[in-house]
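Visitor: Below is coords38.cif; it holds mmCIF, N, CA, C and O atoms.
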```cif
data_run
loop_
_atom_site.label_atom_id
_atom_site.label_comp_id
_atom_site.auth_asym_id
_atom_site.auth_seq_id
_atom_site.Cartn_x
_atom_site.Cartn_y
_atom_site.Cartn_z
N MET A 1 3.48 54.79 -54.07
CA MET A 1 4.92 55.01 -54.03
C MET A 1 5.50 54.13 -52.91
O MET A 1 5.05 54.19 -51.77
N PRO A 2 6.50 53.34 -53.21
CA PRO A 2 7.10 52.48 -52.18
C PRO A 2 7.96 53.26 -51.19
O PRO A 2 8.56 54.28 -51.53
N HIS A 3 7.99 52.77 -49.96
CA HIS A 3 8.81 53.34 -48.90
C HIS A 3 9.62 52.22 -48.28
O HIS A 3 9.11 51.11 -48.07
N SER A 4 10.87 52.50 -47.95
CA SER A 4 11.71 51.48 -47.30
C SER A 4 11.37 51.42 -45.81
O SER A 4 10.87 52.38 -45.23
N ILE A 5 11.68 50.29 -45.21
CA ILE A 5 11.51 50.13 -43.77
C ILE A 5 12.31 51.21 -43.05
O ILE A 5 11.84 51.81 -42.09
N ARG A 6 13.49 51.49 -43.54
CA ARG A 6 14.35 52.53 -42.95
C ARG A 6 13.64 53.89 -42.95
O ARG A 6 13.62 54.59 -41.93
N ASP A 7 13.06 54.26 -44.10
CA ASP A 7 12.40 55.56 -44.22
C ASP A 7 11.15 55.64 -43.34
O ASP A 7 10.88 56.68 -42.73
N ILE A 8 10.39 54.56 -43.28
CA ILE A 8 9.18 54.55 -42.45
C ILE A 8 9.56 54.69 -40.98
O ILE A 8 9.00 55.52 -40.26
N ALA A 9 10.54 53.92 -40.53
CA ALA A 9 10.98 53.99 -39.14
C ALA A 9 11.49 55.38 -38.80
O ALA A 9 11.17 55.93 -37.74
N SER A 10 12.26 55.97 -39.69
CA SER A 10 12.79 57.31 -39.46
C SER A 10 11.66 58.32 -39.34
O SER A 10 11.67 59.17 -38.44
N ALA A 11 10.68 58.25 -40.23
CA ALA A 11 9.54 59.17 -40.20
C ALA A 11 8.73 59.02 -38.91
O ALA A 11 8.16 59.98 -38.42
N LEU A 12 8.69 57.80 -38.36
CA LEU A 12 7.93 57.54 -37.14
C LEU A 12 8.75 57.76 -35.87
O LEU A 12 8.21 57.69 -34.78
N GLY A 13 10.06 57.97 -36.04
CA GLY A 13 10.93 58.10 -34.88
C GLY A 13 11.02 56.79 -34.11
O GLY A 13 11.11 56.77 -32.89
N ALA A 14 10.99 55.68 -34.85
CA ALA A 14 10.99 54.35 -34.24
C ALA A 14 12.23 53.57 -34.65
O ALA A 14 12.90 53.90 -35.63
N GLU A 15 12.53 52.52 -33.90
CA GLU A 15 13.63 51.62 -34.24
C GLU A 15 13.15 50.61 -35.27
O GLU A 15 11.98 50.22 -35.27
N ALA A 16 14.06 50.19 -36.12
CA ALA A 16 13.76 49.14 -37.10
C ALA A 16 14.88 48.11 -37.06
O ALA A 16 16.03 48.45 -36.78
N GLU A 17 14.53 46.88 -37.35
CA GLU A 17 15.50 45.79 -37.36
C GLU A 17 15.27 44.93 -38.59
O GLU A 17 14.16 44.86 -39.10
N GLY A 18 16.31 44.26 -39.04
CA GLY A 18 16.20 43.37 -40.19
C GLY A 18 16.60 44.06 -41.47
O GLY A 18 17.48 44.92 -41.48
N ASP A 19 15.94 43.70 -42.56
CA ASP A 19 16.23 44.24 -43.90
C ASP A 19 15.61 45.63 -44.02
O ASP A 19 14.46 45.77 -44.40
N LEU A 20 16.39 46.64 -43.71
CA LEU A 20 15.89 48.02 -43.69
C LEU A 20 15.64 48.58 -45.08
O LEU A 20 15.02 49.63 -45.22
N ASP A 21 16.12 47.91 -46.12
CA ASP A 21 15.91 48.36 -47.49
C ASP A 21 14.66 47.74 -48.13
O ASP A 21 14.33 48.07 -49.27
N LEU A 22 13.99 46.88 -47.40
CA LEU A 22 12.76 46.24 -47.89
C LEU A 22 11.73 47.33 -48.20
O LEU A 22 11.52 48.24 -47.40
N LEU A 23 11.09 47.24 -49.36
CA LEU A 23 10.13 48.26 -49.78
C LEU A 23 8.70 47.85 -49.45
O LEU A 23 8.30 46.69 -49.64
N ILE A 24 7.92 48.82 -49.00
CA ILE A 24 6.53 48.64 -48.60
C ILE A 24 5.65 49.55 -49.45
O ILE A 24 5.97 50.72 -49.66
N LEU A 25 4.52 49.02 -49.91
CA LEU A 25 3.58 49.83 -50.69
C LEU A 25 2.40 50.34 -49.87
O LEU A 25 1.87 51.40 -50.12
N ARG A 26 1.97 49.55 -48.88
CA ARG A 26 0.78 49.92 -48.13
C ARG A 26 0.78 49.20 -46.77
O ARG A 26 1.55 48.27 -46.56
N ALA A 27 -0.11 49.61 -45.91
CA ALA A 27 -0.30 48.96 -44.61
C ALA A 27 -1.49 48.01 -44.71
O ALA A 27 -2.38 48.20 -45.54
N SER A 28 -1.49 46.98 -43.85
CA SER A 28 -2.55 45.98 -43.93
C SER A 28 -2.76 45.28 -42.60
O SER A 28 -1.86 45.24 -41.75
N GLU A 29 -3.94 44.70 -42.44
CA GLU A 29 -4.19 43.80 -41.32
C GLU A 29 -3.22 42.62 -41.46
O GLU A 29 -2.94 42.19 -42.57
N PRO A 30 -2.71 42.09 -40.36
CA PRO A 30 -1.72 41.02 -40.44
C PRO A 30 -2.17 39.80 -41.26
O PRO A 30 -1.42 39.30 -42.10
N ALA A 31 -3.38 39.32 -41.06
CA ALA A 31 -3.84 38.09 -41.72
C ALA A 31 -4.04 38.26 -43.22
O ALA A 31 -3.97 37.29 -43.97
N SER A 32 -4.28 39.49 -43.68
CA SER A 32 -4.51 39.70 -45.11
C SER A 32 -3.34 40.40 -45.79
O SER A 32 -3.43 40.74 -46.97
N ALA A 33 -2.24 40.59 -45.09
CA ALA A 33 -1.08 41.29 -45.66
C ALA A 33 -0.38 40.45 -46.71
O ALA A 33 -0.19 39.25 -46.55
N GLY A 34 0.01 41.11 -47.79
CA GLY A 34 0.79 40.48 -48.84
C GLY A 34 2.26 40.81 -48.68
O GLY A 34 2.65 41.53 -47.75
N PRO A 35 3.11 40.35 -49.58
CA PRO A 35 4.56 40.56 -49.45
C PRO A 35 5.01 42.02 -49.56
O PRO A 35 6.10 42.36 -49.12
N ASP A 36 4.18 42.88 -50.15
CA ASP A 36 4.54 44.30 -50.27
C ASP A 36 3.85 45.16 -49.22
O ASP A 36 3.91 46.39 -49.28
N ASP A 37 3.17 44.52 -48.26
CA ASP A 37 2.43 45.23 -47.22
C ASP A 37 3.21 45.27 -45.92
O ASP A 37 4.00 44.37 -45.63
N LEU A 38 2.94 46.28 -45.12
CA LEU A 38 3.44 46.36 -43.75
C LEU A 38 2.30 45.89 -42.86
O LEU A 38 1.26 46.55 -42.77
N ALA A 39 2.47 44.74 -42.25
CA ALA A 39 1.44 44.20 -41.35
C ALA A 39 1.42 45.05 -40.08
O ALA A 39 2.46 45.39 -39.53
N LEU A 40 0.23 45.39 -39.63
CA LEU A 40 0.07 46.23 -38.45
C LEU A 40 -0.27 45.37 -37.25
O LEU A 40 -1.40 44.91 -37.09
N ALA A 41 0.73 45.12 -36.42
CA ALA A 41 0.56 44.26 -35.24
C ALA A 41 1.24 44.93 -34.05
O ALA A 41 2.22 44.43 -33.52
N MET A 42 0.72 46.08 -33.64
CA MET A 42 1.35 46.85 -32.57
C MET A 42 1.03 46.32 -31.18
O MET A 42 1.49 46.86 -30.20
N ASP A 43 0.25 45.26 -31.11
CA ASP A 43 -0.14 44.65 -29.84
C ASP A 43 0.00 43.14 -29.99
O ASP A 43 -0.31 42.59 -31.06
N PRO A 44 0.45 42.44 -28.95
CA PRO A 44 0.62 40.99 -29.05
C PRO A 44 -0.64 40.24 -29.49
O PRO A 44 -0.53 39.19 -30.12
N ARG A 45 -1.81 40.81 -29.26
CA ARG A 45 -3.05 40.15 -29.69
C ARG A 45 -3.11 39.96 -31.21
O ARG A 45 -3.81 39.08 -31.69
N TYR A 46 -2.41 40.80 -31.94
CA TYR A 46 -2.45 40.73 -33.41
C TYR A 46 -1.26 39.97 -34.00
O TYR A 46 -1.22 39.73 -35.20
N GLY A 47 -0.32 39.60 -33.17
CA GLY A 47 0.88 38.92 -33.64
C GLY A 47 0.62 37.59 -34.32
O GLY A 47 1.24 37.26 -35.33
N GLU A 48 -0.33 36.81 -33.81
CA GLU A 48 -0.60 35.50 -34.41
C GLU A 48 -1.19 35.62 -35.81
O GLU A 48 -1.08 34.69 -36.61
N GLY A 49 -1.79 36.75 -36.15
CA GLY A 49 -2.34 36.96 -37.49
C GLY A 49 -1.28 37.03 -38.57
O GLY A 49 -1.55 36.79 -39.74
N ILE A 50 -0.06 37.36 -38.19
CA ILE A 50 1.03 37.48 -39.17
C ILE A 50 1.26 36.16 -39.89
O ILE A 50 1.50 36.13 -41.09
N ALA A 51 1.16 35.05 -39.17
CA ALA A 51 1.37 33.73 -39.78
C ALA A 51 0.30 33.40 -40.83
O ALA A 51 0.55 32.59 -41.72
N LYS A 52 -0.84 34.04 -40.74
CA LYS A 52 -1.94 33.78 -41.69
C LYS A 52 -1.76 34.56 -42.99
O LYS A 52 -2.35 34.22 -44.00
N GLY A 53 -0.96 35.62 -42.95
CA GLY A 53 -0.73 36.44 -44.14
C GLY A 53 0.62 36.14 -44.77
O GLY A 53 1.28 35.15 -44.43
N ALA A 54 1.02 37.01 -45.69
CA ALA A 54 2.29 36.81 -46.40
C ALA A 54 3.22 38.01 -46.25
O ALA A 54 4.10 38.22 -47.08
N ALA A 55 3.03 38.79 -45.18
CA ALA A 55 3.86 39.97 -44.96
C ALA A 55 5.32 39.57 -44.74
O ALA A 55 5.60 38.55 -44.13
N ARG A 56 6.20 40.42 -45.23
CA ARG A 56 7.63 40.24 -44.98
C ARG A 56 8.10 41.20 -43.90
O ARG A 56 9.19 41.04 -43.36
N ALA A 57 7.27 42.20 -43.57
CA ALA A 57 7.62 43.19 -42.56
C ALA A 57 6.37 43.59 -41.78
O ALA A 57 5.25 43.47 -42.28
N ALA A 58 6.59 44.05 -40.55
CA ALA A 58 5.46 44.45 -39.72
C ALA A 58 5.85 45.58 -38.78
O ALA A 58 7.02 45.76 -38.44
N LEU A 59 4.84 46.32 -38.37
CA LEU A 59 4.95 47.30 -37.31
C LEU A 59 4.50 46.57 -36.05
O LEU A 59 3.35 46.13 -35.98
N VAL A 60 5.43 46.34 -35.12
CA VAL A 60 5.17 45.48 -33.97
C VAL A 60 5.44 46.20 -32.65
O VAL A 60 6.03 47.27 -32.62
N TRP A 61 5.02 45.56 -31.57
CA TRP A 61 5.23 46.07 -30.21
C TRP A 61 6.68 45.85 -29.80
O TRP A 61 7.35 44.95 -30.29
N PRO A 62 7.20 46.67 -28.88
CA PRO A 62 8.57 46.47 -28.38
C PRO A 62 8.72 45.09 -27.74
O PRO A 62 7.84 44.63 -27.02
N GLY A 63 9.80 44.43 -28.06
CA GLY A 63 10.06 43.10 -27.51
C GLY A 63 9.46 41.96 -28.31
O GLY A 63 9.65 40.80 -27.97
N ALA A 64 8.75 42.28 -29.38
CA ALA A 64 8.16 41.23 -30.22
C ALA A 64 9.27 40.40 -30.86
O ALA A 64 10.28 40.95 -31.31
N ASP A 65 9.09 39.09 -30.92
CA ASP A 65 10.05 38.21 -31.58
C ASP A 65 9.67 38.11 -33.05
O ASP A 65 9.11 37.12 -33.51
N TRP A 66 9.96 39.18 -33.77
CA TRP A 66 9.54 39.29 -35.17
C TRP A 66 10.19 38.23 -36.05
O TRP A 66 9.60 37.80 -37.03
N GLN A 67 11.38 37.79 -35.72
CA GLN A 67 12.04 36.76 -36.53
C GLN A 67 11.31 35.43 -36.40
O GLN A 67 11.16 34.71 -37.38
N ALA A 68 10.81 35.12 -35.21
CA ALA A 68 10.04 33.89 -35.02
C ALA A 68 8.72 33.95 -35.78
O ALA A 68 8.13 32.91 -36.08
N MET A 69 8.26 35.15 -36.11
CA MET A 69 7.03 35.32 -36.89
C MET A 69 7.28 35.13 -38.38
O MET A 69 6.36 35.20 -39.19
N GLY A 70 8.55 34.91 -38.75
CA GLY A 70 8.89 34.69 -40.15
C GLY A 70 9.07 35.97 -40.95
O GLY A 70 9.06 35.94 -42.18
N LEU A 71 9.26 37.09 -40.28
CA LEU A 71 9.41 38.37 -40.95
C LEU A 71 10.87 38.65 -41.31
O LEU A 71 11.78 38.16 -40.66
N LYS A 72 11.06 39.45 -42.35
CA LYS A 72 12.40 39.86 -42.75
C LYS A 72 12.80 41.19 -42.10
O LYS A 72 13.97 41.52 -42.05
N ALA A 73 11.79 41.95 -41.65
CA ALA A 73 12.06 43.25 -41.02
C ALA A 73 10.91 43.61 -40.10
O ALA A 73 9.78 43.13 -40.27
N ALA A 74 11.22 44.48 -39.15
CA ALA A 74 10.19 44.95 -38.23
C ALA A 74 10.50 46.37 -37.80
O ALA A 74 11.67 46.76 -37.67
N ILE A 75 9.45 47.12 -37.57
CA ILE A 75 9.54 48.45 -36.99
C ILE A 75 8.93 48.31 -35.60
O ILE A 75 7.80 47.82 -35.46
N LEU A 76 9.68 48.70 -34.58
CA LEU A 76 9.24 48.54 -33.20
C LEU A 76 8.54 49.83 -32.75
O LEU A 76 9.17 50.89 -32.70
N ALA A 77 7.27 49.72 -32.43
CA ALA A 77 6.46 50.89 -32.10
C ALA A 77 6.09 50.89 -30.62
O ALA A 77 5.16 50.21 -30.22
N PRO A 78 6.80 51.67 -29.80
CA PRO A 78 6.45 51.72 -28.38
C PRO A 78 5.08 52.36 -28.13
O PRO A 78 4.44 52.06 -27.14
N ARG A 79 4.65 53.22 -29.01
CA ARG A 79 3.34 53.87 -28.88
C ARG A 79 2.58 53.62 -30.18
O ARG A 79 2.66 54.39 -31.13
N GLY A 80 1.84 52.52 -30.21
CA GLY A 80 1.18 52.06 -31.42
C GLY A 80 0.25 53.05 -32.08
O GLY A 80 0.27 53.23 -33.30
N ARG A 81 -0.58 53.73 -31.30
CA ARG A 81 -1.53 54.68 -31.90
C ARG A 81 -0.81 55.87 -32.52
O ARG A 81 -1.21 56.35 -33.58
N LEU A 82 0.23 56.33 -31.88
CA LEU A 82 1.01 57.43 -32.44
C LEU A 82 1.69 56.99 -33.73
O LEU A 82 1.72 57.73 -34.72
N ALA A 83 2.22 55.78 -33.75
CA ALA A 83 2.85 55.24 -34.96
C ALA A 83 1.83 55.12 -36.09
O ALA A 83 2.13 55.42 -37.24
N MET A 84 0.62 54.69 -35.76
CA MET A 84 -0.44 54.57 -36.78
C MET A 84 -0.75 55.92 -37.41
O MET A 84 -0.94 56.02 -38.62
N ALA A 85 -0.81 56.95 -36.60
CA ALA A 85 -1.10 58.29 -37.12
C ALA A 85 -0.01 58.73 -38.10
O ALA A 85 -0.30 59.20 -39.20
N GLY A 86 1.24 58.55 -37.71
CA GLY A 86 2.35 58.92 -38.59
C GLY A 86 2.39 58.09 -39.86
O GLY A 86 2.67 58.60 -40.94
N LEU A 87 2.09 56.81 -39.73
CA LEU A 87 2.08 55.93 -40.88
C LEU A 87 0.98 56.32 -41.86
O LEU A 87 1.18 56.32 -43.07
N SER A 88 -0.18 56.67 -41.33
CA SER A 88 -1.29 57.09 -42.18
C SER A 88 -0.93 58.32 -42.99
O SER A 88 -1.21 58.40 -44.19
N VAL A 89 -0.28 59.28 -42.35
CA VAL A 89 0.13 60.50 -43.05
C VAL A 89 1.14 60.16 -44.14
O VAL A 89 1.06 60.68 -45.26
N MET A 90 2.04 59.25 -43.84
CA MET A 90 3.09 58.90 -44.80
C MET A 90 2.56 58.13 -46.00
O MET A 90 2.96 58.37 -47.14
N LEU A 91 1.66 57.17 -45.76
CA LEU A 91 1.21 56.30 -46.84
C LEU A 91 -0.02 56.79 -47.59
O LEU A 91 -0.30 56.33 -48.69
N ASP A 92 -0.77 57.74 -47.01
CA ASP A 92 -1.98 58.25 -47.67
C ASP A 92 -1.83 59.73 -47.95
O ASP A 92 -2.01 60.55 -47.05
N PRO A 93 -1.52 60.09 -49.20
CA PRO A 93 -1.32 61.49 -49.52
C PRO A 93 -2.61 62.31 -49.51
O PRO A 93 -2.58 63.52 -49.65
N GLY A 94 -3.75 61.67 -49.36
CA GLY A 94 -5.02 62.37 -49.36
C GLY A 94 -5.59 62.47 -50.77
O GLY A 94 -5.00 62.00 -51.74
N PRO A 95 -6.76 63.07 -50.88
CA PRO A 95 -7.41 63.15 -52.19
C PRO A 95 -6.70 64.14 -53.11
O PRO A 95 -6.12 65.12 -52.66
N ALA A 96 -6.77 63.86 -54.40
CA ALA A 96 -6.21 64.76 -55.40
C ALA A 96 -7.26 65.81 -55.74
O ALA A 96 -8.20 65.56 -56.50
N ILE A 97 -7.12 66.98 -55.14
CA ILE A 97 -8.07 68.07 -55.34
C ILE A 97 -7.37 69.18 -56.10
O ILE A 97 -6.29 69.63 -55.70
N ALA A 98 -8.00 69.62 -57.17
CA ALA A 98 -7.41 70.69 -57.99
C ALA A 98 -7.35 71.99 -57.20
O ALA A 98 -8.23 72.28 -56.37
N VAL A 99 -6.34 72.79 -57.47
CA VAL A 99 -6.19 74.08 -56.81
C VAL A 99 -7.33 75.00 -57.24
O VAL A 99 -7.69 75.06 -58.42
N GLY A 100 -7.88 75.73 -56.29
CA GLY A 100 -8.91 76.72 -56.61
C GLY A 100 -10.20 76.26 -56.19
O GLY A 100 -11.21 76.52 -55.99
#
```
Could you spell out this file's structure in structure tokens?

Guide:
Amino acid sequence: MPHSIRDIASALGAEAEGDLDLLILRASEPASAGPDDLALAMDPRYGEGIAKGAARAALVWPGADWQAMGLKAAILAPRGRLAMAGLSVMLDPGPAIAVG
């Protein structure tokens, strides 16, 4: 199920910039991210990987120059690990287990 940048940022309690209506299907490592993926680069060490992938949006550290990375949108995560936990809950509904 696709989620907009706006909805993801709201669920994480984070700021978002750029095209907030951009839809995301899944999270990915920056270098292997496709156009429907949210690249996970919450630390500057992972920022250079964005250029190797095809992501249009990323979860980045505060102060990241996401536009210089060629992104159309970014979610600014001041606490990366906390954001990852919330993102995991949002994007992974868990296994489909029958009631009973």

Visitor: Hey, what does DSSP flag as strand (DSSP E) within region 23-85 of chain A? Can you give it to me as a PyMOL selection string?

Guide: chain A and resi 23-24+26-28+37-41+57-60+73-76

Visitor: So what does the PyMOL selection byres (((chain A and resi 17 and name CA) around 9) and name CA) actually pick up in this one, as a list in words?

Guide: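 On the file shown, the PyMOL selection byres (((chain A and resi 17 and name CA) around 9) and name CA) covers Ile5, Arg6, Glu15, Ala16, Gly18, Asp19, Leu20, Lys72, Ala73, Ala74, Ile75 and Leu76 of chain A.
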
Visitor: Counting only C-alpha atoms, figure out which residue out of A:Ala77, A:Asp43, A:Met84, A:Arg56 gets nearest to Leu23 (chain A).

Guide: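 Distance minimum relative to Leu23 (chain A) lands on A:Arg56.
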
Visitor: My list of candidates is A:Ala64, A:Leu59, A:Ala14, A:Ala98. Which is closest to Ser28 (chain A) when distances are computed with all atoms listed in the file?

Guide: A:Leu59

Visitor: What gap, in Å, lies between atom C of His3 (chain A) and atom C of Leu22 (chain A)?

Guide: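 Atom-to-atom, atom C of His3 (chain A) to atom C of Leu22 (chain A), that is 5.3 Å.
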
Visitor: Could you rebuild region 3-14 of chain A with all heavy atoms and give it back as a short mmCIF file (atom, residue, chain, number, x, y, z; two decimals), keeping the file's coordinate frame?

Guide:
```
data_model
loop_
_atom_site.label_atom_id
_atom_site.label_comp_id
_atom_site.auth_asym_id
_atom_site.auth_seq_id
_atom_site.Cartn_x
_atom_site.Cartn_y
_atom_site.Cartn_z
N HIS A 3 7.99 52.77 -49.96
CA HIS A 3 8.81 53.34 -48.90
C HIS A 3 9.62 52.22 -48.28
O HIS A 3 9.11 51.11 -48.07
CB HIS A 3 7.93 53.97 -47.81
CG HIS A 3 7.07 55.08 -48.29
ND1 HIS A 3 7.53 56.37 -48.44
CD2 HIS A 3 5.77 55.11 -48.65
CE1 HIS A 3 6.55 57.13 -48.87
NE2 HIS A 3 5.47 56.38 -49.01
N SER A 4 10.87 52.50 -47.95
CA SER A 4 11.71 51.48 -47.30
C SER A 4 11.37 51.42 -45.81
O SER A 4 10.87 52.38 -45.23
CB SER A 4 13.19 51.79 -47.49
OG SER A 4 13.57 52.91 -46.70
N ILE A 5 11.68 50.29 -45.21
CA ILE A 5 11.51 50.13 -43.77
C ILE A 5 12.31 51.21 -43.05
O ILE A 5 11.84 51.81 -42.09
CB ILE A 5 11.95 48.72 -43.32
CG1 ILE A 5 11.02 47.66 -43.91
CG2 ILE A 5 12.02 48.62 -41.81
CD1 ILE A 5 9.59 47.74 -43.44
N ARG A 6 13.49 51.49 -43.54
CA ARG A 6 14.35 52.53 -42.95
C ARG A 6 13.64 53.89 -42.95
O ARG A 6 13.62 54.59 -41.93
CB ARG A 6 15.67 52.62 -43.72
CG ARG A 6 16.59 53.73 -43.25
CD ARG A 6 17.89 53.81 -44.04
NE ARG A 6 18.77 52.71 -43.66
CZ ARG A 6 19.02 51.63 -44.41
NH1 ARG A 6 18.44 51.49 -45.59
NH2 ARG A 6 19.82 50.69 -44.00
N ASP A 7 13.06 54.26 -44.10
CA ASP A 7 12.40 55.56 -44.22
C ASP A 7 11.15 55.64 -43.34
O ASP A 7 10.88 56.68 -42.73
CB ASP A 7 12.02 55.84 -45.67
CG ASP A 7 13.24 56.07 -46.56
OD1 ASP A 7 14.34 56.36 -46.02
OD2 ASP A 7 13.10 55.97 -47.79
N ILE A 8 10.39 54.56 -43.28
CA ILE A 8 9.18 54.55 -42.45
C ILE A 8 9.56 54.69 -40.98
O ILE A 8 9.00 55.52 -40.26
CB ILE A 8 8.35 53.27 -42.68
CG1 ILE A 8 7.82 53.23 -44.11
CG2 ILE A 8 7.19 53.19 -41.68
CD1 ILE A 8 7.20 51.91 -44.51
N ALA A 9 10.54 53.92 -40.53
CA ALA A 9 10.98 53.99 -39.14
C ALA A 9 11.49 55.38 -38.80
O ALA A 9 11.17 55.93 -37.74
CB ALA A 9 12.04 52.93 -38.87
N SER A 10 12.26 55.97 -39.69
CA SER A 10 12.79 57.31 -39.46
C SER A 10 11.66 58.32 -39.34
O SER A 10 11.67 59.17 -38.44
CB SER A 10 13.73 57.69 -40.60
OG SER A 10 14.21 58.99 -40.43
N ALA A 11 10.68 58.25 -40.23
CA ALA A 11 9.54 59.17 -40.20
C ALA A 11 8.73 59.02 -38.91
O ALA A 11 8.16 59.98 -38.42
CB ALA A 11 8.65 58.95 -41.41
N LEU A 12 8.69 57.80 -38.36
CA LEU A 12 7.93 57.54 -37.14
C LEU A 12 8.75 57.76 -35.87
O LEU A 12 8.21 57.69 -34.78
CB LEU A 12 7.40 56.10 -37.15
CG LEU A 12 6.47 55.71 -38.29
CD1 LEU A 12 6.07 54.25 -38.16
CD2 LEU A 12 5.26 56.62 -38.33
N GLY A 13 10.06 57.97 -36.04
CA GLY A 13 10.93 58.10 -34.88
C GLY A 13 11.02 56.79 -34.11
O GLY A 13 11.11 56.77 -32.89
N ALA A 14 10.99 55.68 -34.85
CA ALA A 14 10.99 54.35 -34.24
C ALA A 14 12.23 53.57 -34.65
O ALA A 14 12.90 53.90 -35.63
CB ALA A 14 9.74 53.59 -34.68
#
```
